[in-house]
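As stored in structure37.cif (mmCIF, N, CA and C atoms):
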```cif
data_query
loop_
_atom_site.label_atom_id
_atom_site.label_comp_id
_atom_site.auth_asym_id
_atom_site.auth_seq_id
_atom_site.Cartn_x
_atom_site.Cartn_y
_atom_site.Cartn_z
N MET A 1 0.84 -1.19 0.00
CA MET A 1 0.00 0.00 0.00
C MET A 1 0.88 1.24 0.00
N LYS A 2 0.47 2.20 -0.76
CA LYS A 2 1.20 3.44 -0.86
C LYS A 2 0.55 4.49 0.04
N ILE A 3 1.35 5.15 0.88
CA ILE A 3 0.84 6.18 1.78
C ILE A 3 0.85 7.51 1.04
N ILE A 4 -0.30 8.18 1.05
CA ILE A 4 -0.43 9.46 0.37
C ILE A 4 -0.47 10.57 1.41
N ASN A 5 0.42 11.53 1.27
CA ASN A 5 0.44 12.68 2.15
C ASN A 5 -0.46 13.75 1.54
N LEU A 6 -1.68 13.88 2.06
CA LEU A 6 -2.66 14.80 1.48
C LEU A 6 -2.23 16.26 1.61
N GLN A 7 -1.54 16.59 2.69
CA GLN A 7 -1.12 17.97 2.88
C GLN A 7 -0.14 18.37 1.79
N ARG A 8 0.79 17.53 1.46
CA ARG A 8 1.77 17.83 0.41
C ARG A 8 1.14 17.79 -0.98
N ARG A 9 0.12 16.99 -1.14
CA ARG A 9 -0.49 16.82 -2.45
C ARG A 9 -1.35 18.02 -2.85
N PHE A 10 -2.10 18.57 -1.91
CA PHE A 10 -3.06 19.61 -2.25
C PHE A 10 -2.54 21.03 -2.01
N LEU A 11 -1.55 21.20 -1.15
CA LEU A 11 -1.01 22.52 -0.90
C LEU A 11 0.34 22.67 -1.59
N PRO A 12 0.55 23.76 -2.33
CA PRO A 12 1.85 23.97 -2.97
C PRO A 12 2.95 24.15 -1.92
N ALA A 13 4.16 23.90 -2.33
CA ALA A 13 5.30 23.98 -1.42
C ALA A 13 5.50 25.40 -0.91
N ASP A 14 5.28 26.41 -1.75
CA ASP A 14 5.45 27.79 -1.31
C ASP A 14 4.45 28.16 -0.22
N LEU A 15 3.24 27.70 -0.36
CA LEU A 15 2.22 27.98 0.66
C LEU A 15 2.57 27.30 1.98
N LEU A 16 3.09 26.09 1.91
CA LEU A 16 3.50 25.40 3.13
C LEU A 16 4.65 26.12 3.81
N LYS A 17 5.59 26.65 3.02
CA LYS A 17 6.70 27.41 3.59
C LYS A 17 6.20 28.69 4.24
N ALA A 18 5.24 29.35 3.60
CA ALA A 18 4.69 30.59 4.16
C ALA A 18 3.96 30.31 5.46
N ILE A 19 3.18 29.25 5.50
CA ILE A 19 2.46 28.90 6.72
C ILE A 19 3.42 28.56 7.84
N SER A 20 4.47 27.81 7.54
CA SER A 20 5.43 27.46 8.59
C SER A 20 6.21 28.68 9.06
N PHE A 21 6.50 29.64 8.15
CA PHE A 21 7.18 30.87 8.56
C PHE A 21 6.29 31.71 9.46
N ILE A 22 5.03 31.86 9.11
CA ILE A 22 4.09 32.62 9.93
C ILE A 22 3.94 31.96 11.30
N TRP A 23 3.87 30.63 11.31
CA TRP A 23 3.73 29.91 12.57
C TRP A 23 4.94 30.11 13.47
N SER A 24 6.14 30.19 12.88
CA SER A 24 7.35 30.35 13.69
C SER A 24 7.54 31.80 14.17
N GLN A 25 6.98 32.77 13.47
CA GLN A 25 7.20 34.18 13.79
C GLN A 25 6.06 34.82 14.59
N TRP A 26 5.00 34.10 14.88
CA TRP A 26 3.83 34.75 15.47
C TRP A 26 4.08 35.26 16.88
N ARG A 27 5.02 34.71 17.60
CA ARG A 27 5.28 35.19 18.96
C ARG A 27 6.03 36.51 18.96
N ARG A 28 6.87 36.73 17.98
CA ARG A 28 7.66 37.97 17.94
C ARG A 28 6.92 39.11 17.26
N GLN A 29 6.14 38.82 16.26
CA GLN A 29 5.48 39.86 15.49
C GLN A 29 3.96 39.64 15.55
N LYS A 30 3.35 40.20 16.57
CA LYS A 30 1.92 39.97 16.77
C LYS A 30 1.04 40.93 15.98
N LEU A 31 1.49 42.16 15.79
CA LEU A 31 0.66 43.15 15.10
C LEU A 31 0.39 42.77 13.64
N PRO A 32 1.38 42.40 12.84
CA PRO A 32 1.06 42.01 11.47
C PRO A 32 0.14 40.80 11.39
N LEU A 33 0.30 39.88 12.32
CA LEU A 33 -0.58 38.72 12.33
C LEU A 33 -2.00 39.11 12.70
N ALA A 34 -2.15 40.03 13.64
CA ALA A 34 -3.49 40.49 14.02
C ALA A 34 -4.16 41.24 12.86
N ILE A 35 -3.39 42.04 12.15
CA ILE A 35 -3.95 42.75 10.99
C ILE A 35 -4.36 41.76 9.92
N PHE A 36 -3.53 40.77 9.67
CA PHE A 36 -3.85 39.75 8.66
C PHE A 36 -5.11 38.98 9.02
N ILE A 37 -5.24 38.59 10.28
CA ILE A 37 -6.42 37.84 10.71
C ILE A 37 -7.67 38.71 10.63
N SER A 38 -7.56 39.99 11.01
CA SER A 38 -8.74 40.86 10.93
C SER A 38 -9.16 41.09 9.48
N LEU A 39 -8.20 41.20 8.57
CA LEU A 39 -8.57 41.35 7.16
C LEU A 39 -9.20 40.07 6.62
N CYS A 40 -8.72 38.93 7.07
CA CYS A 40 -9.34 37.67 6.65
C CYS A 40 -10.76 37.55 7.19
N LEU A 41 -10.96 37.95 8.45
CA LEU A 41 -12.31 37.92 9.01
C LEU A 41 -13.22 38.95 8.33
N ASN A 42 -12.61 40.03 7.85
CA ASN A 42 -13.39 41.04 7.15
C ASN A 42 -13.90 40.51 5.81
N LEU A 43 -13.25 39.49 5.27
CA LEU A 43 -13.76 38.85 4.06
C LEU A 43 -15.12 38.21 4.31
N ILE A 44 -15.38 37.86 5.56
CA ILE A 44 -16.66 37.26 5.93
C ILE A 44 -17.68 38.34 6.28
N THR A 45 -17.25 39.36 7.01
CA THR A 45 -18.22 40.34 7.51
C THR A 45 -18.61 41.40 6.48
N ALA A 46 -17.71 41.76 5.58
CA ALA A 46 -18.03 42.82 4.62
C ALA A 46 -19.21 42.45 3.71
N PRO A 47 -19.28 41.24 3.16
CA PRO A 47 -20.47 40.90 2.37
C PRO A 47 -21.76 40.87 3.20
N ILE A 48 -21.65 40.51 4.48
CA ILE A 48 -22.83 40.50 5.34
C ILE A 48 -23.34 41.92 5.55
N VAL A 49 -22.42 42.85 5.81
CA VAL A 49 -22.80 44.26 5.98
C VAL A 49 -23.36 44.81 4.67
N TYR A 50 -22.75 44.45 3.56
CA TYR A 50 -23.21 44.93 2.25
C TYR A 50 -24.61 44.41 1.95
N ALA A 51 -24.88 43.15 2.29
CA ALA A 51 -26.20 42.58 2.04
C ALA A 51 -27.25 43.16 2.98
N ALA A 52 -26.85 43.45 4.22
CA ALA A 52 -27.80 44.00 5.18
C ALA A 52 -28.19 45.43 4.82
N ALA A 53 -27.30 46.14 4.14
CA ALA A 53 -27.60 47.52 3.76
C ALA A 53 -28.55 47.59 2.58
N ASP A 54 -28.74 46.48 1.91
CA ASP A 54 -29.71 46.38 0.80
C ASP A 54 -29.40 47.36 -0.32
N GLY A 55 -28.12 47.50 -0.66
CA GLY A 55 -27.72 48.35 -1.78
C GLY A 55 -27.55 49.81 -1.44
N ALA A 56 -27.75 50.20 -0.20
CA ALA A 56 -27.62 51.61 0.18
C ALA A 56 -26.16 52.01 0.38
N LEU A 57 -25.28 51.03 0.58
CA LEU A 57 -23.86 51.30 0.78
C LEU A 57 -23.05 50.84 -0.42
N GLU A 58 -21.92 51.48 -0.62
CA GLU A 58 -20.98 50.98 -1.61
C GLU A 58 -20.17 49.85 -0.98
N ARG A 59 -19.48 49.09 -1.81
CA ARG A 59 -18.65 48.00 -1.29
C ARG A 59 -17.54 48.54 -0.41
N ARG A 60 -16.95 49.64 -0.80
CA ARG A 60 -15.87 50.24 -0.01
C ARG A 60 -16.37 50.63 1.38
N SER A 61 -17.58 51.15 1.44
CA SER A 61 -18.15 51.52 2.75
C SER A 61 -18.41 50.29 3.61
N ALA A 62 -18.85 49.21 2.99
CA ALA A 62 -19.08 47.98 3.75
C ALA A 62 -17.77 47.44 4.31
N TRP A 63 -16.69 47.50 3.53
CA TRP A 63 -15.37 47.07 4.02
C TRP A 63 -14.92 47.97 5.16
N ALA A 64 -15.13 49.27 5.03
CA ALA A 64 -14.71 50.21 6.08
C ALA A 64 -15.49 49.95 7.37
N ILE A 65 -16.77 49.68 7.26
CA ILE A 65 -17.57 49.40 8.45
C ILE A 65 -17.10 48.11 9.11
N GLY A 66 -16.76 47.11 8.32
CA GLY A 66 -16.25 45.86 8.87
C GLY A 66 -14.93 46.06 9.61
N ILE A 67 -14.02 46.82 9.02
CA ILE A 67 -12.73 47.09 9.66
C ILE A 67 -12.92 47.91 10.93
N LEU A 68 -13.79 48.91 10.88
CA LEU A 68 -14.07 49.70 12.08
C LEU A 68 -14.70 48.85 13.18
N GLY A 69 -15.51 47.90 12.80
CA GLY A 69 -16.08 46.99 13.79
C GLY A 69 -15.01 46.16 14.49
N PHE A 70 -14.03 45.68 13.72
CA PHE A 70 -12.95 44.90 14.33
C PHE A 70 -12.06 45.76 15.21
N ILE A 71 -11.81 46.99 14.80
CA ILE A 71 -11.01 47.91 15.62
C ILE A 71 -11.74 48.20 16.92
N THR A 72 -13.04 48.43 16.84
CA THR A 72 -13.84 48.69 18.04
C THR A 72 -13.83 47.48 18.97
N LEU A 73 -13.97 46.29 18.42
CA LEU A 73 -13.93 45.08 19.23
C LEU A 73 -12.57 44.91 19.90
N ALA A 74 -11.49 45.19 19.17
CA ALA A 74 -10.15 45.08 19.75
C ALA A 74 -9.95 46.08 20.89
N LEU A 75 -10.45 47.30 20.72
CA LEU A 75 -10.34 48.30 21.79
C LEU A 75 -11.16 47.90 23.02
N ILE A 76 -12.31 47.32 22.80
CA ILE A 76 -13.14 46.87 23.92
C ILE A 76 -12.42 45.79 24.71
N ILE A 77 -11.84 44.83 24.02
CA ILE A 77 -11.12 43.76 24.70
C ILE A 77 -9.90 44.32 25.43
N TYR A 78 -9.16 45.22 24.78
CA TYR A 78 -7.98 45.82 25.41
C TYR A 78 -8.37 46.60 26.67
N LEU A 79 -9.38 47.44 26.58
CA LEU A 79 -9.79 48.23 27.73
C LEU A 79 -10.37 47.36 28.84
N PHE A 80 -11.02 46.27 28.49
CA PHE A 80 -11.50 45.33 29.50
C PHE A 80 -10.34 44.80 30.33
N PHE A 81 -9.26 44.39 29.66
CA PHE A 81 -8.10 43.88 30.39
C PHE A 81 -7.39 44.98 31.17
N VAL A 82 -7.33 46.19 30.62
CA VAL A 82 -6.67 47.30 31.33
C VAL A 82 -7.43 47.66 32.60
N ILE A 83 -8.74 47.64 32.54
CA ILE A 83 -9.55 48.00 33.70
C ILE A 83 -9.47 46.93 34.79
N PHE A 84 -9.56 45.66 34.40
CA PHE A 84 -9.63 44.61 35.40
C PHE A 84 -8.27 44.04 35.80
N GLN A 85 -7.21 44.32 35.05
CA GLN A 85 -5.87 43.88 35.42
C GLN A 85 -4.87 45.02 35.20
N PRO A 86 -4.99 46.13 35.93
CA PRO A 86 -4.11 47.27 35.67
C PRO A 86 -2.66 47.03 36.04
N GLU A 87 -2.38 46.06 36.90
CA GLU A 87 -1.00 45.82 37.29
C GLU A 87 -0.17 45.25 36.16
N ARG A 88 -0.79 44.68 35.16
CA ARG A 88 -0.05 44.15 34.01
C ARG A 88 0.42 45.25 33.08
N PHE A 89 -0.22 46.42 33.14
CA PHE A 89 0.10 47.49 32.22
C PHE A 89 0.79 48.61 32.97
#
```

Translate the structure of the given file into structure tokens.
Amino acid sequence: MKIINLQRRFLPADLLKAISFIWSQWRRQKLPLAIFISLCLNLITAPIVYAAADGALERRSAWAIGILGFITLALIIYLFFVIFQPERF
């Protein structure tokens, strides 16, 4: 029987190298990773905002609202920790 490595078969080598590099660097460089994750999540929320507006917003406005929502959520989480654990800051 031949063993097939599905990860190597379906993902290109460059993508695997990029994923392993990001995985190794995430502890040192948190801000770029947070920006990348928020933009990826915005791929999900921007169409939802655009559909909820029923054509009243442009696509650019829907993306901006999604990004502002993530920034607001990040500030809420940050301020929550600052208020309840001030000795860490």

Evaluate the PyMOL selection byres ((chain A and resi 66-83) around 8) and report residues as a count of residues only
21

Once DSSP has gone over the backbone, tell me which residues of chain A are in helix (DSSP H, G or I), as a PyMOL selection string.
chain A and resi 6-10+13-25+30-52+59-84+86-88

re atom N of Lys30 of chain A and atom C of Arg59 of chain A: distance 28.2 Å

Report the centre and edge lengths, in Å to one decimal, of an axis-aligned box enclosing every atom of segment 29-38 of chain A listed in the file, padded by 3 Å on each side, as JSON.
```
{"center_x": -1.5, "center_y": 40.5, "center_z": 12.7, "size_x": 21.3, "size_y": 11.3, "size_z": 14.1}
```

One decimal place gives the atom CA of Ile22 of chain A-atom N of Ile44 of chain A separation as 20.6 Å

Which distance in Å separates atom C of Glu58 of chain A and atom C of Ile37 of chain A, to one decimal?
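According to the coordinates, atom C of Glu58 of chain A and atom C of Ile37 of chain A are separated by 20.4 Å.
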